[in-house]
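Structure first, then comments.
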Amino acid sequence: NSIGGGEGNISSSFKTFIGGGGGNTINRVIKIKEPSYSSIVGGAGNDITDSNTSFIGGGSGNIINDGSAKSVISGGEGNTISGSSYGTIGAGKSNVIFSSLRSFIGGGDGNQISQSDESLIVGGQSNIIQDPVFSSTRRNTIVGGFDNLLSSTYSAEIIGGQENKIVNTSWISSIVGGFGNGIYDKPANFIGNGENNIISGHSYSFIGSGLNDKV
């Protein structure tokens, strides 16, 4: 193990590196005799636990744990990767990847990917990709915006806007932007923009823009 400097840094796992900073830890609770090969370059209060070959660049209060092998948090504050191998968080604050293999959050604030493999949130605030009913959700994308939701769907995307939703098996569907637009229950639908436009129960439908339009 190697600790370059800093104050209060602790490594209780084999073959690890902490460059500096303060209060950073690399721990192994399970399989304590196996090497970790994980690194924390600097920052404060960052932690890697039971996650082989993982990396935290800096920032504060960032956590990689629960078997998140080969995962990376570059920086930011209070970001977490848990139970998610090959996960990446670039920066930002309070972003979470949970139980989602090969998923990525670029930055932003309070974004979350939960139980959705190979999914992506580029930025924005309080955007969520999730699968609460374990329906094989994966390969979803939110580029930005605020409080957008992809839930229990596959290969869906929201580019931006606010409070837009694609949920419940609405596979391969897209919302470009706007406010309060929703696609529910059927695949291959598209909403461009506007406000409170809804596609529900129909496939291969299109709303370009408008207000309170429904298909």
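Note on naming: chains are A, B, ... as they come in the structure tokens, residues start from 1 per chain, ligands start from 1 in the order shown.
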- Query: Could you name the residues that touch stretch 3-16 of chain A at 12 Å or less, counting only C-alpha atoms, but leaving out those on the same chain fewer than 5 positions away, as a PyMOL selection string?
  - Reply: chain A and resi 21-56
- Message: Set the distance at 12 Å and use only C-alpha atoms: which residues neighbour A:Ile198 once local chain neighbours fewer than 5 positions away are removed? I'd like the list as a ChimeraX atom specification.
- Response: /A:164-167,175,178-186,189-193,205-215
Strand (DSSP E or B) per DSSP on the backbone: members of stretch 115-184 of chain A, as a short mmCIF file (atom, residue, chain, number, x, y, z; two decimals) with all heavy atoms, in the first residue's frame:
data_model
loop_
_atom_site.label_atom_id
_atom_site.label_comp_id
_atom_site.auth_asym_id
_atom_site.auth_seq_id
_atom_site.Cartn_x
_atom_site.Cartn_y
_atom_site.Cartn_z
N ASP A 117 -29.00 -0.92 -16.59
CA ASP A 117 -27.67 -1.14 -17.14
C ASP A 117 -27.45 -0.31 -18.41
O ASP A 117 -28.38 0.00 -19.14
CB ASP A 117 -27.48 -2.61 -17.48
CG ASP A 117 -27.49 -3.51 -16.25
OD1 ASP A 117 -27.36 -2.98 -15.14
OD2 ASP A 117 -27.64 -4.74 -16.42
N LEU A 120 -27.30 6.37 -19.36
CA LEU A 120 -26.49 7.59 -19.41
C LEU A 120 -27.30 8.81 -19.00
O LEU A 120 -28.41 9.02 -19.51
CB LEU A 120 -25.97 7.78 -20.84
CG LEU A 120 -25.39 9.12 -21.24
CD1 LEU A 120 -24.06 9.34 -20.55
CD2 LEU A 120 -25.22 9.19 -22.75
N ILE A 121 -26.77 9.59 -18.08
CA ILE A 121 -27.27 10.94 -17.80
C ILE A 121 -26.08 11.88 -17.98
O ILE A 121 -25.07 11.76 -17.28
CB ILE A 121 -27.84 11.07 -16.38
CG1 ILE A 121 -29.07 10.16 -16.20
CG2 ILE A 121 -28.22 12.52 -16.09
CD1 ILE A 121 -29.65 10.16 -14.79
N GLN A 125 -30.38 18.39 -13.49
CA GLN A 125 -30.67 18.29 -12.06
C GLN A 125 -31.87 17.39 -11.79
O GLN A 125 -32.90 17.49 -12.46
CB GLN A 125 -30.94 19.67 -11.47
CG GLN A 125 -31.18 19.69 -9.98
CD GLN A 125 -31.32 21.10 -9.43
OE1 GLN A 125 -31.09 22.08 -10.12
NE2 GLN A 125 -31.72 21.21 -8.18
N ILE A 128 -33.86 11.16 -13.35
CA ILE A 128 -33.84 9.79 -12.84
C ILE A 128 -34.07 8.79 -13.97
O ILE A 128 -35.00 8.94 -14.77
CB ILE A 128 -34.92 9.58 -11.76
CG1 ILE A 128 -34.65 10.48 -10.55
CG2 ILE A 128 -34.98 8.12 -11.33
CD1 ILE A 128 -35.73 10.42 -9.49
N ILE A 129 -33.24 7.77 -14.01
CA ILE A 129 -33.48 6.57 -14.81
C ILE A 129 -33.58 5.42 -13.82
O ILE A 129 -32.64 5.18 -13.05
CB ILE A 129 -32.34 6.33 -15.82
CG1 ILE A 129 -32.21 7.51 -16.80
CG2 ILE A 129 -32.57 5.03 -16.58
CD1 ILE A 129 -31.01 7.40 -17.73
N GLN A 130 -34.70 4.68 -13.86
CA GLN A 130 -34.91 3.66 -12.84
C GLN A 130 -35.72 2.48 -13.37
O GLN A 130 -36.38 2.56 -14.41
CB GLN A 130 -35.64 4.26 -11.64
CG GLN A 130 -37.06 4.71 -11.96
CD GLN A 130 -37.80 5.25 -10.75
OE1 GLN A 130 -37.21 5.47 -9.70
NE2 GLN A 130 -39.10 5.46 -10.89
N ARG A 138 -32.75 -0.84 -19.54
CA ARG A 138 -31.36 -0.64 -19.91
C ARG A 138 -31.26 0.29 -21.12
O ARG A 138 -32.23 0.56 -21.81
CB ARG A 138 -30.67 -1.97 -20.21
CG ARG A 138 -31.24 -2.71 -21.40
CD ARG A 138 -30.70 -4.13 -21.50
NE ARG A 138 -29.26 -4.16 -21.48
CZ ARG A 138 -28.55 -5.28 -21.29
NH1 ARG A 138 -29.16 -6.42 -21.08
NH2 ARG A 138 -27.24 -5.25 -21.31
N THR A 141 -31.25 7.12 -21.93
CA THR A 141 -30.43 8.33 -21.94
C THR A 141 -31.25 9.55 -21.55
O THR A 141 -32.34 9.77 -22.08
CB THR A 141 -29.84 8.58 -23.34
OG1 THR A 141 -29.02 7.48 -23.71
CG2 THR A 141 -29.01 9.85 -23.35
N ILE A 142 -30.73 10.34 -20.63
CA ILE A 142 -31.21 11.70 -20.37
C ILE A 142 -30.03 12.63 -20.57
O ILE A 142 -28.99 12.48 -19.91
CB ILE A 142 -31.78 11.85 -18.95
CG1 ILE A 142 -33.01 10.95 -18.75
CG2 ILE A 142 -32.14 13.32 -18.67
CD1 ILE A 142 -33.58 10.98 -17.34
N PHE A 146 -34.36 19.16 -16.09
CA PHE A 146 -34.66 19.13 -14.65
C PHE A 146 -35.83 18.20 -14.37
O PHE A 146 -36.89 18.29 -15.01
CB PHE A 146 -35.00 20.56 -14.18
CG PHE A 146 -35.44 20.65 -12.75
CD1 PHE A 146 -34.53 20.57 -11.72
CD2 PHE A 146 -36.79 20.78 -12.43
CE1 PHE A 146 -34.93 20.65 -10.39
CE2 PHE A 146 -37.20 20.86 -11.12
CZ PHE A 146 -36.27 20.80 -10.10
N LEU A 149 -37.82 11.87 -16.08
CA LEU A 149 -37.89 10.50 -15.59
C LEU A 149 -38.00 9.50 -16.73
O LEU A 149 -38.87 9.62 -17.60
CB LEU A 149 -39.11 10.34 -14.67
CG LEU A 149 -39.44 8.92 -14.19
CD1 LEU A 149 -38.35 8.38 -13.26
CD2 LEU A 149 -40.80 8.90 -13.49
N LEU A 150 -37.14 8.49 -16.71
CA LEU A 150 -37.28 7.29 -17.53
C LEU A 150 -37.42 6.11 -16.58
O LEU A 150 -36.53 5.85 -15.77
CB LEU A 150 -36.05 7.09 -18.43
CG LEU A 150 -35.79 8.13 -19.51
CD1 LEU A 150 -34.45 7.85 -20.20
CD2 LEU A 150 -36.90 8.13 -20.54
N SER A 151 -38.55 5.39 -16.68
CA SER A 151 -38.82 4.33 -15.71
C SER A 151 -39.37 3.09 -16.41
O SER A 151 -40.32 3.18 -17.18
CB SER A 151 -39.83 4.82 -14.66
OG SER A 151 -40.08 3.82 -13.70
N TYR A 154 -36.81 0.80 -22.16
CA TYR A 154 -35.60 0.29 -22.82
C TYR A 154 -35.27 1.18 -24.02
O TYR A 154 -36.14 1.46 -24.84
CB TYR A 154 -35.88 -1.15 -23.27
CG TYR A 154 -34.74 -1.86 -23.95
CD1 TYR A 154 -33.92 -2.73 -23.24
CD2 TYR A 154 -34.49 -1.69 -25.30
CE1 TYR A 154 -32.89 -3.41 -23.86
CE2 TYR A 154 -33.45 -2.35 -25.93
CZ TYR A 154 -32.66 -3.21 -25.22
OH TYR A 154 -31.63 -3.88 -25.83
N GLU A 157 -35.14 7.95 -24.60
CA GLU A 157 -34.29 9.12 -24.39
C GLU A 157 -35.12 10.37 -24.14
O GLU A 157 -36.17 10.57 -24.74
CB GLU A 157 -33.36 9.34 -25.58
CG GLU A 157 -34.08 9.60 -26.89
CD GLU A 157 -33.11 9.80 -28.05
OE1 GLU A 157 -31.89 9.66 -27.84
OE2 GLU A 157 -33.58 10.09 -29.16
N ILE A 158 -34.62 11.19 -23.24
CA ILE A 158 -35.13 12.54 -23.02
C ILE A 158 -33.96 13.49 -23.19
O ILE A 158 -32.95 13.36 -22.51
CB ILE A 158 -35.75 12.70 -21.63
CG1 ILE A 158 -37.00 11.81 -21.49
CG2 ILE A 158 -36.12 14.16 -21.36
CD1 ILE A 158 -37.61 11.81 -20.10
N GLN A 162 -38.28 19.92 -18.69
CA GLN A 162 -38.57 19.76 -17.27
C GLN A 162 -39.79 18.87 -17.06
O GLN A 162 -40.81 19.02 -17.75
CB GLN A 162 -38.81 21.13 -16.63
CG GLN A 162 -39.07 21.09 -15.14
CD GLN A 162 -39.18 22.47 -14.53
OE1 GLN A 162 -38.83 23.46 -15.17
NE2 GLN A 162 -39.65 22.56 -13.30
N LYS A 165 -41.62 12.63 -18.91
CA LYS A 165 -41.60 11.25 -18.45
C LYS A 165 -41.80 10.27 -19.60
O LYS A 165 -42.66 10.48 -20.46
CB LYS A 165 -42.70 11.01 -17.41
CG LYS A 165 -42.58 11.84 -16.16
CD LYS A 165 -43.72 11.54 -15.19
CE LYS A 165 -43.62 12.39 -13.94
NZ LYS A 165 -44.71 12.12 -12.99
N ILE A 166 -41.02 9.21 -19.59
CA ILE A 166 -41.25 8.05 -20.45
C ILE A 166 -41.25 6.84 -19.52
O ILE A 166 -40.22 6.53 -18.90
CB ILE A 166 -40.18 7.91 -21.54
CG1 ILE A 166 -40.15 9.17 -22.44
CG2 ILE A 166 -40.43 6.67 -22.38
CD1 ILE A 166 -39.04 9.14 -23.49
N VAL A 167 -42.39 6.15 -19.42
CA VAL A 167 -42.52 5.10 -18.40
C VAL A 167 -43.30 3.91 -18.94
O VAL A 167 -44.05 3.99 -19.91
CB VAL A 167 -43.20 5.65 -17.13
CG1 VAL A 167 -42.41 6.79 -16.53
CG2 VAL A 167 -44.63 6.08 -17.41
N SER A 174 -38.93 8.82 -27.51
CA SER A 174 -38.11 10.01 -27.31
C SER A 174 -38.98 11.23 -26.97
O SER A 174 -40.06 11.41 -27.54
CB SER A 174 -37.31 10.33 -28.58
OG SER A 174 -36.45 9.29 -28.92
N ILE A 175 -38.45 12.06 -26.08
CA ILE A 175 -38.98 13.40 -25.83
C ILE A 175 -37.81 14.36 -25.95
O ILE A 175 -36.79 14.21 -25.27
CB ILE A 175 -39.63 13.52 -24.43
CG1 ILE A 175 -40.85 12.60 -24.32
CG2 ILE A 175 -40.03 14.98 -24.17
CD1 ILE A 175 -41.48 12.58 -22.94
N PHE A 179 -42.20 20.88 -21.26
CA PHE A 179 -42.54 20.76 -19.84
C PHE A 179 -43.73 19.81 -19.66
O PHE A 179 -44.76 19.94 -20.32
CB PHE A 179 -42.92 22.14 -19.28
CG PHE A 179 -43.40 22.11 -17.86
CD1 PHE A 179 -42.49 22.10 -16.81
CD2 PHE A 179 -44.76 22.06 -17.57
CE1 PHE A 179 -42.94 22.07 -15.50
CE2 PHE A 179 -45.21 22.02 -16.26
CZ PHE A 179 -44.30 22.02 -15.22
N GLY A 182 -45.43 13.49 -21.59
CA GLY A 182 -45.34 12.11 -21.14
C GLY A 182 -45.65 11.09 -22.21
O GLY A 182 -46.55 11.29 -23.03
N ILE A 183 -44.89 9.99 -22.20
CA ILE A 183 -45.16 8.83 -23.05
C ILE A 183 -45.32 7.63 -22.13
O ILE A 183 -44.43 7.34 -21.32
CB ILE A 183 -44.03 8.60 -24.06
CG1 ILE A 183 -43.89 9.80 -25.01
CG2 ILE A 183 -44.27 7.32 -24.86
CD1 ILE A 183 -42.70 9.71 -25.96
N TYR A 184 -46.47 6.94 -22.26
CA TYR A 184 -46.81 5.88 -21.32
C TYR A 184 -47.23 4.60 -22.04
O TYR A 184 -48.00 4.63 -23.00
CB TYR A 184 -47.97 6.32 -20.42
CG TYR A 184 -47.71 7.58 -19.63
CD1 TYR A 184 -48.07 8.82 -20.15
CD2 TYR A 184 -47.10 7.53 -18.38
CE1 TYR A 184 -47.82 9.98 -19.43
CE2 TYR A 184 -46.86 8.69 -17.67
CZ TYR A 184 -47.22 9.91 -18.19
OH TYR A 184 -46.98 11.07 -17.49
#
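The interatomic distance for the pair atom CA of A:Ser203 and atom CA of A:Ala188 works out to 5.7 Å.
The gap separating atom CA of A:Gly20 from atom CA of A:Ile64 is 17.7 Å, in Å to one decimal.
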- Polymer residues at most 12 Å from A:Ser94, only C-alpha atoms, same-chain spacing of 6 or more positions, as a PyMOL selection string: chain A and resi 59-63+73+75-81+105+107-113+123-127
Write out, as a short mmCIF file (atom, residue, chain, number, x, y, z; two decimals), in the first residue's frame, the residues just selected, with C-alpha atoms.
data_model
loop_
_atom_site.label_atom_id
_atom_site.label_comp_id
_atom_site.auth_asym_id
_atom_site.auth_seq_id
_atom_site.Cartn_x
_atom_site.Cartn_y
_atom_site.Cartn_z
CA GLY A 59 -13.57 16.08 -4.57
CA SER A 60 -15.23 15.36 -1.26
CA GLY A 61 -17.53 12.73 0.20
CA ASN A 62 -17.50 10.57 -2.91
CA ILE A 63 -18.14 6.84 -2.42
CA ILE A 73 -15.57 9.07 -9.82
CA GLY A 75 -14.49 14.52 -8.66
CA GLY A 76 -17.39 16.49 -7.32
CA GLU A 77 -19.18 16.24 -3.99
CA GLY A 78 -21.23 13.47 -2.43
CA ASN A 79 -21.42 11.27 -5.51
CA THR A 80 -21.98 7.51 -5.08
CA ILE A 81 -21.50 4.37 -7.15
CA ILE A 105 -23.40 10.28 -15.13
CA GLY A 107 -22.29 15.77 -13.84
CA GLY A 108 -25.12 17.89 -12.57
CA ASP A 109 -26.91 17.73 -9.24
CA GLY A 110 -29.00 14.93 -7.76
CA ASN A 111 -29.18 12.75 -10.85
CA GLN A 112 -29.76 9.02 -10.37
CA ILE A 113 -29.47 5.80 -12.36
CA GLY A 123 -26.10 16.45 -16.72
CA GLY A 124 -28.94 18.54 -15.41
CA GLN A 125 -30.67 18.29 -12.06
CA SER A 126 -32.81 15.63 -10.35
CA ASN A 127 -33.09 13.49 -13.47
#
